[in-house]
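Everything below belongs to query-v5.csv, which stores CSV, N, CA and C atoms.
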chain,number,residue,atom,x,y,z
Z,4,MET,N,157.2,193.0,53.0
Z,4,MET,CA,157.0,191.9,53.9
Z,4,MET,C,155.9,191.0,53.3
Z,5,PRO,N,156.2,189.7,53.2
Z,5,PRO,CA,155.2,188.7,52.6
Z,5,PRO,C,154.1,188.6,53.6
Z,6,VAL,N,152.9,188.2,53.0
Z,6,VAL,CA,151.7,188.1,53.8
Z,6,VAL,C,151.3,186.6,53.9
Z,7,ALA,N,151.0,186.1,55.1
Z,7,ALA,CA,150.5,184.8,55.3
Z,7,ALA,C,149.1,184.8,56.0
Z,8,TRP,N,148.3,184.0,55.6
Z,8,TRP,CA,147.0,183.8,56.2
Z,8,TRP,C,147.0,182.5,57.0
Z,9,VAL,N,146.4,182.5,58.2
Z,9,VAL,CA,146.2,181.3,59.0
Z,9,VAL,C,144.7,181.1,59.1
Z,10,ILE,N,144.2,180.0,58.7
Z,10,ILE,CA,142.8,179.7,58.7
Z,10,ILE,C,142.6,178.4,59.6
Z,11,ASP,N,142.2,178.6,60.8
Z,11,ASP,CA,142.0,177.5,61.7
Z,11,ASP,C,141.0,177.9,62.8
Z,12,ASP,N,140.1,177.0,63.1
Z,12,ASP,CA,139.1,177.3,64.1
Z,12,ASP,C,139.5,177.2,65.5
Z,13,ASP,N,140.7,176.7,65.8
Z,13,ASP,CA,141.3,176.6,67.1
Z,13,ASP,C,142.0,177.9,67.5
Z,14,ASP,N,141.5,178.7,68.4
Z,14,ASP,CA,142.1,180.0,68.8
Z,14,ASP,C,143.6,179.9,69.2
Z,15,GLU,N,143.9,178.9,70.0
Z,15,GLU,CA,145.3,178.8,70.5
Z,15,GLU,C,146.2,178.4,69.4
Z,16,MET,N,145.8,177.5,68.5
Z,16,MET,CA,146.7,177.1,67.4
Z,16,MET,C,146.8,178.2,66.4
Z,17,ARG,N,145.8,179.0,66.1
Z,17,ARG,CA,145.8,180.1,65.2
Z,17,ARG,C,146.8,181.1,65.8
Z,18,GLN,N,146.8,181.4,67.1
Z,18,GLN,CA,147.7,182.4,67.6
Z,18,GLN,C,149.1,181.9,67.7
Z,19,ALA,N,149.3,180.6,68.0
Z,19,ALA,CA,150.7,180.1,68.0
Z,19,ALA,C,151.3,180.1,66.6
Z,20,ILE,N,150.6,179.8,65.6
Z,20,ILE,CA,151.1,179.8,64.2
Z,20,ILE,C,151.4,181.3,63.8
Z,21,LYS,N,150.5,182.2,64.2
Z,21,LYS,CA,150.7,183.6,63.9
Z,21,LYS,C,152.0,184.1,64.5
Z,22,LEU,N,152.2,183.8,65.8
Z,22,LEU,CA,153.5,184.2,66.4
Z,22,LEU,C,154.7,183.6,65.7
Z,23,MET,N,154.6,182.3,65.3
Z,23,MET,CA,155.8,181.7,64.6
Z,23,MET,C,156.0,182.4,63.3
Z,24,LEU,N,154.9,182.7,62.5
Z,24,LEU,CA,155.1,183.4,61.3
Z,24,LEU,C,155.7,184.8,61.4
Z,25,GLU,N,155.3,185.5,62.5
Z,25,GLU,CA,155.9,186.8,62.7
Z,25,GLU,C,157.3,186.7,63.0
Z,26,LEU,N,157.8,185.6,63.7
Z,26,LEU,CA,159.2,185.4,63.9
Z,26,LEU,C,160.0,185.3,62.7
Z,27,ILE,N,159.4,184.8,61.6
Z,27,ILE,CA,160.1,184.6,60.4
Z,27,ILE,C,159.7,185.7,59.3
Z,28,ASP,N,159.3,186.8,59.9
Z,28,ASP,CA,159.0,188.0,59.1
Z,28,ASP,C,157.9,188.0,58.1
Z,29,PHE,N,156.8,187.4,58.5
Z,29,PHE,CA,155.6,187.5,57.7
Z,29,PHE,C,154.6,188.5,58.4
Z,30,GLU,N,153.9,189.2,57.6
Z,30,GLU,CA,152.7,189.9,58.1
Z,30,GLU,C,151.6,188.8,58.1
Z,31,VAL,N,150.8,188.8,59.1
Z,31,VAL,CA,149.9,187.7,59.3
Z,31,VAL,C,148.4,188.2,59.5
Z,32,LYS,N,147.5,187.5,58.8
Z,32,LYS,CA,146.1,187.7,59.0
Z,32,LYS,C,145.5,186.4,59.4
Z,33,VAL,N,144.7,186.4,60.4
Z,33,VAL,CA,144.1,185.2,60.9
Z,33,VAL,C,142.6,185.1,60.7
Z,34,TYR,N,142.1,183.9,60.4
Z,34,TYR,CA,140.7,183.6,60.2
Z,34,TYR,C,140.3,182.4,61.0
Z,35,ARG,N,139.1,182.4,61.5
Z,35,ARG,CA,138.6,181.3,62.3
Z,35,ARG,C,137.8,180.4,61.4
Z,36,ASP,N,137.5,180.8,60.2
Z,36,ASP,CA,136.7,179.9,59.3
Z,36,ASP,C,137.0,180.1,57.8
Z,37,ALA,N,136.7,179.1,57.0
Z,37,ALA,CA,137.0,179.2,55.6
Z,37,ALA,C,136.1,180.2,54.8
Z,38,PRO,N,134.8,180.3,55.2
Z,38,PRO,CA,133.9,181.2,54.4
Z,38,PRO,C,134.4,182.6,54.5
Z,39,THR,N,134.8,183.1,55.6
Z,39,THR,CA,135.3,184.5,55.8
Z,39,THR,C,136.6,184.7,54.9
Z,40,ALA,N,137.5,183.8,55.0
Z,40,ALA,CA,138.7,183.9,54.2
Z,40,ALA,C,138.4,183.8,52.7
Z,41,SER,N,137.5,182.9,52.3
Z,41,SER,CA,137.1,182.8,50.9
Z,41,SER,C,136.5,184.1,50.4
Z,42,ARG,N,135.7,184.8,51.2
Z,42,ARG,CA,135.2,186.1,50.8
Z,42,ARG,C,136.3,187.1,50.5
Z,43,ASP,N,137.3,187.1,51.4
Z,43,ASP,CA,138.4,188.0,51.1
Z,43,ASP,C,139.2,187.7,49.9
Z,44,LEU,N,139.4,186.4,49.6
Z,44,LEU,CA,140.1,185.9,48.4
Z,44,LEU,C,139.3,186.4,47.2
Z,45,LEU,N,138.0,186.2,47.2
Z,45,LEU,CA,137.2,186.6,46.0
Z,45,LEU,C,137.1,188.1,45.9
Z,46,ASN,N,137.4,188.8,46.9
Z,46,ASN,CA,137.5,190.3,46.8
Z,46,ASN,C,138.9,190.8,46.4
Z,47,GLY,N,139.7,189.9,46.0
Z,47,GLY,CA,141.0,190.2,45.5
Z,47,GLY,C,142.2,190.4,46.5
Z,48,LYS,N,141.9,190.0,47.7
Z,48,LYS,CA,143.0,190.0,48.8
Z,48,LYS,C,143.7,188.7,48.7
Z,49,ILE,N,144.8,188.7,48.1
Z,49,ILE,CA,145.6,187.4,47.9
Z,49,ILE,C,146.9,187.4,48.7
Z,50,PRO,N,147.0,186.5,49.6
Z,50,PRO,CA,148.2,186.4,50.4
Z,50,PRO,C,149.3,185.7,49.6
Z,51,ASP,N,150.5,185.7,50.2
Z,51,ASP,CA,151.7,185.0,49.6
Z,51,ASP,C,151.6,183.5,49.9
Z,52,VAL,N,151.0,183.2,51.0
Z,52,VAL,CA,150.8,181.8,51.4
Z,52,VAL,C,149.7,181.7,52.4
Z,53,ILE,N,149.0,180.5,52.4
Z,53,ILE,CA,147.9,180.2,53.3
Z,53,ILE,C,148.2,179.0,54.1
Z,54,ILE,N,148.1,179.0,55.4
Z,54,ILE,CA,148.2,177.9,56.3
Z,54,ILE,C,146.7,177.5,56.6
Z,55,LEU,N,146.3,176.3,56.2
Z,55,LEU,CA,144.9,176.0,56.2
Z,55,LEU,C,144.6,174.7,56.9
Z,56,ASP,N,143.9,174.8,58.0
Z,56,ASP,CA,143.5,173.6,58.8
Z,56,ASP,C,142.5,172.8,58.0
Z,57,ILE,N,142.6,171.5,58.2
Z,57,ILE,CA,141.6,170.6,57.5
Z,57,ILE,C,140.3,170.5,58.2
Z,58,MET,N,140.3,170.2,59.5
Z,58,MET,CA,139.1,170.0,60.2
Z,58,MET,C,138.5,171.3,60.8
Z,59,MET,N,137.5,171.8,60.1
Z,59,MET,CA,136.9,173.0,60.6
Z,59,MET,C,135.4,172.8,60.4
Z,60,PRO,N,134.5,173.5,61.2
Z,60,PRO,CA,133.1,173.4,61.1
Z,60,PRO,C,132.6,174.1,59.8
Z,61,ALA,N,131.5,173.8,59.3
Z,61,ALA,CA,130.8,174.4,58.2
Z,61,ALA,C,131.6,174.0,56.9
Z,62,VAL,N,132.7,174.6,56.7
Z,62,VAL,CA,133.5,174.3,55.4
Z,62,VAL,C,134.9,173.8,55.8
Z,63,SER,N,135.2,172.6,55.4
Z,63,SER,CA,136.5,172.0,55.8
Z,63,SER,C,137.6,172.7,54.9
Z,64,GLY,N,138.9,172.5,55.4
Z,64,GLY,CA,140.0,173.0,54.7
Z,64,GLY,C,140.1,172.4,53.3
Z,65,ILE,N,139.8,171.1,53.2
Z,65,ILE,CA,139.8,170.4,51.9
Z,65,ILE,C,138.8,171.0,50.9
Z,66,ASP,N,137.6,171.3,51.4
Z,66,ASP,CA,136.6,172.0,50.6
Z,66,ASP,C,137.1,173.4,50.1
Z,67,MET,N,137.7,174.1,51.0
Z,67,MET,CA,138.2,175.4,50.6
Z,67,MET,C,139.3,175.3,49.6
Z,68,LEU,N,140.2,174.3,49.8
Z,68,LEU,CA,141.3,174.1,48.9
Z,68,LEU,C,140.7,173.7,47.5
Z,69,GLU,N,139.8,172.8,47.5
Z,69,GLU,CA,139.1,172.4,46.2
Z,69,GLU,C,138.5,173.6,45.5
Z,70,PHE,N,137.8,174.5,46.3
Z,70,PHE,CA,137.3,175.7,45.7
Z,70,PHE,C,138.3,176.6,45.1
Z,71,MET,N,139.4,176.8,45.9
Z,71,MET,CA,140.5,177.7,45.4
Z,71,MET,C,141.1,177.2,44.1
Z,72,ARG,N,141.3,175.9,44.0
Z,72,ARG,CA,141.9,175.3,42.8
Z,72,ARG,C,141.0,175.4,41.6
Z,73,THR,N,139.7,175.7,41.7
Z,73,THR,CA,138.9,175.8,40.6
Z,73,THR,C,138.8,177.3,40.0
Z,74,LYS,N,139.4,178.2,40.8
Z,74,LYS,CA,139.4,179.6,40.4
Z,74,LYS,C,140.8,180.0,39.8
Z,75,SER,N,140.8,180.4,38.6
Z,75,SER,CA,142.1,180.7,37.9
Z,75,SER,C,143.0,181.7,38.7
Z,76,GLU,N,142.4,182.7,39.3
Z,76,GLU,CA,143.1,183.7,40.1
Z,76,GLU,C,143.7,183.1,41.4
Z,77,LEU,N,143.2,182.0,41.8
Z,77,LEU,CA,143.6,181.4,43.1
Z,77,LEU,C,144.5,180.1,43.0
Z,78,LYS,N,144.6,179.6,41.8
Z,78,LYS,CA,145.3,178.3,41.5
Z,78,LYS,C,146.7,178.3,42.0
Z,79,THR,N,147.3,179.5,41.9
Z,79,THR,CA,148.8,179.5,42.2
Z,79,THR,C,149.1,180.0,43.6
Z,80,VAL,N,148.1,180.2,44.5
Z,80,VAL,CA,148.3,180.6,45.8
Z,80,VAL,C,148.9,179.4,46.6
Z,81,PRO,N,150.1,179.5,47.1
Z,81,PRO,CA,150.7,178.4,47.9
Z,81,PRO,C,149.8,178.1,49.1
Z,82,VAL,N,149.5,176.8,49.3
Z,82,VAL,CA,148.7,176.4,50.5
Z,82,VAL,C,149.4,175.3,51.2
Z,83,VAL,N,149.6,175.5,52.5
Z,83,VAL,CA,150.1,174.5,53.4
Z,83,VAL,C,149.0,174.0,54.3
Z,84,MET,N,148.6,172.7,54.1
Z,84,MET,CA,147.6,172.1,54.9
Z,84,MET,C,148.1,171.7,56.3
Z,85,LEU,N,147.2,171.8,57.3
Z,85,LEU,CA,147.5,171.6,58.7
Z,85,LEU,C,146.5,170.7,59.3
Z,86,SER,N,146.9,169.7,60.0
Z,86,SER,CA,146.0,168.8,60.6
Z,86,SER,C,146.5,168.1,61.9
Z,87,SER,N,145.6,167.8,62.8
Z,87,SER,CA,145.9,167.1,64.0
Z,87,SER,C,145.8,165.6,63.8
Z,88,GLU,N,145.2,165.2,62.7
Z,88,GLU,CA,145.1,163.8,62.4
Z,88,GLU,C,146.2,163.4,61.4
Z,89,THR,N,146.9,162.3,61.8
Z,89,THR,CA,148.1,161.9,61.0
Z,89,THR,C,147.8,160.7,60.1
Z,90,THR,N,146.7,160.8,59.3
Z,90,THR,CA,146.4,159.7,58.4
Z,90,THR,C,146.9,160.0,57.0
Z,91,ASP,N,147.3,158.9,56.4
Z,91,ASP,CA,147.7,159.0,55.0
Z,91,ASP,C,146.6,159.4,54.1
Z,92,VAL,N,145.4,159.0,54.4
Z,92,VAL,CA,144.2,159.4,53.6
Z,92,VAL,C,144.0,160.9,53.5
Z,93,GLN,N,144.2,161.6,54.7
Z,93,GLN,CA,144.1,163.1,54.7
Z,93,GLN,C,145.2,163.7,53.8
Z,94,VAL,N,146.4,163.2,54.0
Z,94,VAL,CA,147.5,163.8,53.2
Z,94,VAL,C,147.3,163.6,51.8
Z,95,ASP,N,146.9,162.3,51.4
Z,95,ASP,CA,146.7,162.0,50.0
Z,95,ASP,C,145.5,162.9,49.4
Z,96,GLU,N,144.5,163.1,50.1
Z,96,GLU,CA,143.3,163.9,49.7
Z,96,GLU,C,143.7,165.3,49.5
Z,97,ALA,N,144.5,165.9,50.5
Z,97,ALA,CA,144.9,167.2,50.4
Z,97,ALA,C,145.8,167.4,49.2
Z,98,MET,N,146.7,166.5,48.9
Z,98,MET,CA,147.7,166.7,47.8
Z,98,MET,C,146.9,166.5,46.5
Z,99,ARG,N,146.0,165.6,46.4
Z,99,ARG,CA,145.2,165.4,45.2
Z,99,ARG,C,144.4,166.7,44.9
Z,100,TYR,N,144.0,167.5,45.8
Z,100,TYR,CA,143.2,168.7,45.6
Z,100,TYR,C,144.1,169.9,45.4
Z,101,GLY,N,145.4,169.7,45.5
Z,101,GLY,CA,146.4,170.8,45.2
Z,101,GLY,C,147.1,171.4,46.3
Z,102,ALA,N,147.1,170.8,47.5
Z,102,ALA,CA,148.0,171.3,48.6
Z,102,ALA,C,149.4,171.3,48.1
Z,103,ASP,N,150.2,172.2,48.6
Z,103,ASP,CA,151.6,172.3,48.2
Z,103,ASP,C,152.5,171.7,49.3
Z,104,ALA,N,152.0,171.6,50.5
Z,104,ALA,CA,152.7,171.0,51.6
Z,104,ALA,C,151.7,170.6,52.7
Z,105,PHE,N,152.2,169.8,53.6
Z,105,PHE,CA,151.3,169.3,54.7
Z,105,PHE,C,152.1,169.2,56.0
Z,106,ILE,N,151.5,169.7,57.1
Z,106,ILE,CA,152.2,169.6,58.4
Z,106,ILE,C,151.2,169.2,59.4
Z,107,PHE,N,151.7,168.5,60.4
Z,107,PHE,CA,150.8,168.0,61.5
Z,107,PHE,C,150.9,168.8,62.8
Z,108,LYS,N,149.8,169.0,63.5
Z,108,LYS,CA,149.8,169.7,64.8
Z,108,LYS,C,150.3,168.7,65.8
Z,109,PRO,N,151.0,169.1,66.8
Z,109,PRO,CA,151.5,170.5,67.0
Z,109,PRO,C,152.7,170.7,66.1
Z,110,VAL,N,152.9,171.9,65.5
Z,110,VAL,CA,153.9,172.2,64.6
Z,110,VAL,C,155.0,173.0,65.2
Z,111,THR,N,156.3,172.7,64.8
Z,111,THR,CA,157.4,173.5,65.2
Z,111,THR,C,157.7,174.6,64.2
Z,112,LEU,N,158.5,175.6,64.7
Z,112,LEU,CA,158.8,176.7,63.8
Z,112,LEU,C,159.6,176.1,62.6
Z,113,GLU,N,160.5,175.2,62.8
Z,113,GLU,CA,161.3,174.6,61.7
Z,113,GLU,C,160.4,173.9,60.7
Z,114,GLU,N,159.4,173.2,61.2
Z,114,GLU,CA,158.5,172.5,60.3
Z,114,GLU,C,157.7,173.5,59.4
Z,115,LEU,N,157.2,174.5,60.1
Z,115,LEU,CA,156.4,175.5,59.5
Z,115,LEU,C,157.2,176.2,58.4
Z,116,GLU,N,158.4,176.6,58.7
Z,116,GLU,CA,159.3,177.3,57.8
Z,116,GLU,C,159.6,176.5,56.6
Z,117,THR,N,159.9,175.2,56.8
Z,117,THR,CA,160.2,174.3,55.7
Z,117,THR,C,159.0,174.1,54.8
Z,118,ALA,N,157.8,173.9,55.4
Z,118,ALA,CA,156.6,173.7,54.6
Z,118,ALA,C,156.3,174.9,53.8
Z,119,ILE,N,156.4,176.1,54.3
Z,119,ILE,CA,156.1,177.4,53.6
Z,119,ILE,C,157.1,177.5,52.5
Z,120,SER,N,158.4,177.2,52.7
Z,120,SER,CA,159.4,177.3,51.7
Z,120,SER,C,159.0,176.4,50.5
Z,121,SER,N,158.7,175.2,50.9
Z,121,SER,CA,158.3,174.2,49.9
Z,121,SER,C,157.1,174.6,49.1
Z,122,ALA,N,156.1,175.1,49.7
Z,122,ALA,CA,154.8,175.6,49.1
Z,122,ALA,C,155.1,176.7,48.1
Z,123,ILE,N,155.9,177.7,48.5
Z,123,ILE,CA,156.2,178.8,47.7
Z,123,ILE,C,157.0,178.4,46.5
Z,124,GLN,N,158.0,177.5,46.7
Z,124,GLN,CA,158.9,177.0,45.6
Z,124,GLN,C,158.0,176.3,44.6
Z,125,ALA,N,157.0,175.6,45.0
Z,125,ALA,CA,156.1,174.8,44.0
Z,125,ALA,C,155.5,175.8,43.0
Z,126,HIS,N,155.4,177.0,43.3
Z,126,HIS,CA,154.7,178.0,42.4
Z,126,HIS,C,155.7,178.9,41.7
Z,127,MET,N,156.9,178.7,41.8
Z,127,MET,CA,157.9,179.6,41.2
Z,127,MET,C,158.3,179.0,39.8
Could you write out this structure as structure tokens?
Amino acid sequence: MPVAWVIDDDDEMRQAIKLMLELIDFEVKVYRDAPTASRDLLNGKIPDVIILDIMMPAVSGIDMLEFMRTKSELKTVPVVMLSSETTDVQVDEAMRYGADAFIFKPVTLEELETAISSAIQAHM
């Protein structure tokens, strides 16, 4: 079973995405912040895909993405960025730092599934 991580500071959104991922047969680990997830990544726990919120306290999703793309062992982890703000600036910035797909909140199961598929395909 493939593993997906959901990194989002919003409890309700994190749980909603977790449930959707479980419906499409992912094992899911949830994180409320980027530093905790980053520690697990650096300890060799690498998921098949990461759903990463942009707007989080302390360390933003963009900062985490930028960090991941500087590490050779994390460069190929598929990342789907998630945001409640629908600005082209955010999308452009996320893609510039190496996001593989971008979805807006609230997200549907179909949007999530399409974004994950696209992100994983980008690394095949």
Next item on the list: Name the residues in contact with stretch 63-66 of chain Z at a cut-off of 8 Å, using only N, CA and C atoms, excluding same-chain residues fewer than 6 positions from it; report them as a PyMOL selection string.
Entry: chain Z and resi 10+36-38+55-57+72+84-85+96-97+100
Check: If I put a ball of radius 12 Å at (141.2, 191.0, 61.5) in the file's coordinates, which residues poke into it when counting only C-alpha atoms, written as a PyMOL selection string?
Finding: chain Z and resi 8-10+31-35+39-40+43
Kindly save the residues from that selection, with N, CA and C atoms included, as a compact mmCIF listing (two decimals), keeping the file's coordinate frame.
# COMPACT_ATOMS: atom_id res chain seq x y z
N TRP Z 8 148.30 184.00 55.60
CA TRP Z 8 147.00 183.80 56.20
C TRP Z 8 147.00 182.50 57.00
N VAL Z 9 146.40 182.50 58.20
CA VAL Z 9 146.20 181.30 59.00
C VAL Z 9 144.70 181.10 59.10
N ILE Z 10 144.20 180.00 58.70
CA ILE Z 10 142.80 179.70 58.70
C ILE Z 10 142.60 178.40 59.60
N VAL Z 31 150.80 188.80 59.10
CA VAL Z 31 149.90 187.70 59.30
C VAL Z 31 148.40 188.20 59.50
N LYS Z 32 147.50 187.50 58.80
CA LYS Z 32 146.10 187.70 59.00
C LYS Z 32 145.50 186.40 59.40
N VAL Z 33 144.70 186.40 60.40
CA VAL Z 33 144.10 185.20 60.90
C VAL Z 33 142.60 185.10 60.70
N TYR Z 34 142.10 183.90 60.40
CA TYR Z 34 140.70 183.60 60.20
C TYR Z 34 140.30 182.40 61.00
N ARG Z 35 139.10 182.40 61.50
CA ARG Z 35 138.60 181.30 62.30
C ARG Z 35 137.80 180.40 61.40
N THR Z 39 134.80 183.10 55.60
CA THR Z 39 135.30 184.50 55.80
C THR Z 39 136.60 184.70 54.90
N ALA Z 40 137.50 183.80 55.00
CA ALA Z 40 138.70 183.90 54.20
C ALA Z 40 138.40 183.80 52.70
N ASP Z 43 137.30 187.10 51.40
CA ASP Z 43 138.40 188.00 51.10
C ASP Z 43 139.20 187.70 49.90
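Non-sequential neighbours of Z:Val52 (distance at most 6.5 Å, separation of 6 or more positions within a chain, only N, CA and C atoms) are Val6, Ala7, Trp8, Val80, Pro81, Val82 and Val83 of chain Z.
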Item checked: Picked from stretch 20-86 of chain Z by DSSP as strand (DSSP E), as a PyMOL selection string -> chain Z and resi 30-34+52-56+82-86
Those same residues - N, CA and C atoms - I'd like them written as a compact mmCIF listing (two decimals), keeping the file's coordinate frame.
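selection.txt written:
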# COMPACT_ATOMS: atom_id res chain seq x y z
N GLU Z 30 153.90 189.20 57.60
CA GLU Z 30 152.70 189.90 58.10
C GLU Z 30 151.60 188.80 58.10
N VAL Z 31 150.80 188.80 59.10
CA VAL Z 31 149.90 187.70 59.30
C VAL Z 31 148.40 188.20 59.50
N LYS Z 32 147.50 187.50 58.80
CA LYS Z 32 146.10 187.70 59.00
C LYS Z 32 145.50 186.40 59.40
N VAL Z 33 144.70 186.40 60.40
CA VAL Z 33 144.10 185.20 60.90
C VAL Z 33 142.60 185.10 60.70
N TYR Z 34 142.10 183.90 60.40
CA TYR Z 34 140.70 183.60 60.20
C TYR Z 34 140.30 182.40 61.00
N VAL Z 52 151.00 183.20 51.00
CA VAL Z 52 150.80 181.80 51.40
C VAL Z 52 149.70 181.70 52.40
N ILE Z 53 149.00 180.50 52.40
CA ILE Z 53 147.90 180.20 53.30
C ILE Z 53 148.20 179.00 54.10
N ILE Z 54 148.10 179.00 55.40
CA ILE Z 54 148.20 177.90 56.30
C ILE Z 54 146.70 177.50 56.60
N LEU Z 55 146.30 176.30 56.20
CA LEU Z 55 144.90 176.00 56.20
C LEU Z 55 144.60 174.70 56.90
N ASP Z 56 143.90 174.80 58.00
CA ASP Z 56 143.50 173.60 58.80
C ASP Z 56 142.50 172.80 58.00
N VAL Z 82 149.50 176.80 49.30
CA VAL Z 82 148.70 176.40 50.50
C VAL Z 82 149.40 175.30 51.20
N VAL Z 83 149.60 175.50 52.50
CA VAL Z 83 150.10 174.50 53.40
C VAL Z 83 149.00 174.00 54.30
N MET Z 84 148.60 172.70 54.10
CA MET Z 84 147.60 172.10 54.90
C MET Z 84 148.10 171.70 56.30
N LEU Z 85 147.20 171.80 57.30
CA LEU Z 85 147.50 171.60 58.70
C LEU Z 85 146.50 170.70 59.30
N SER Z 86 146.90 169.70 60.00
CA SER Z 86 146.00 168.80 60.60
C SER Z 86 146.50 168.10 61.90
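Computed from the coordinates, the atom C of Z:Asp14 to atom CA of Z:Ser121 distance equals 24.9 Å.
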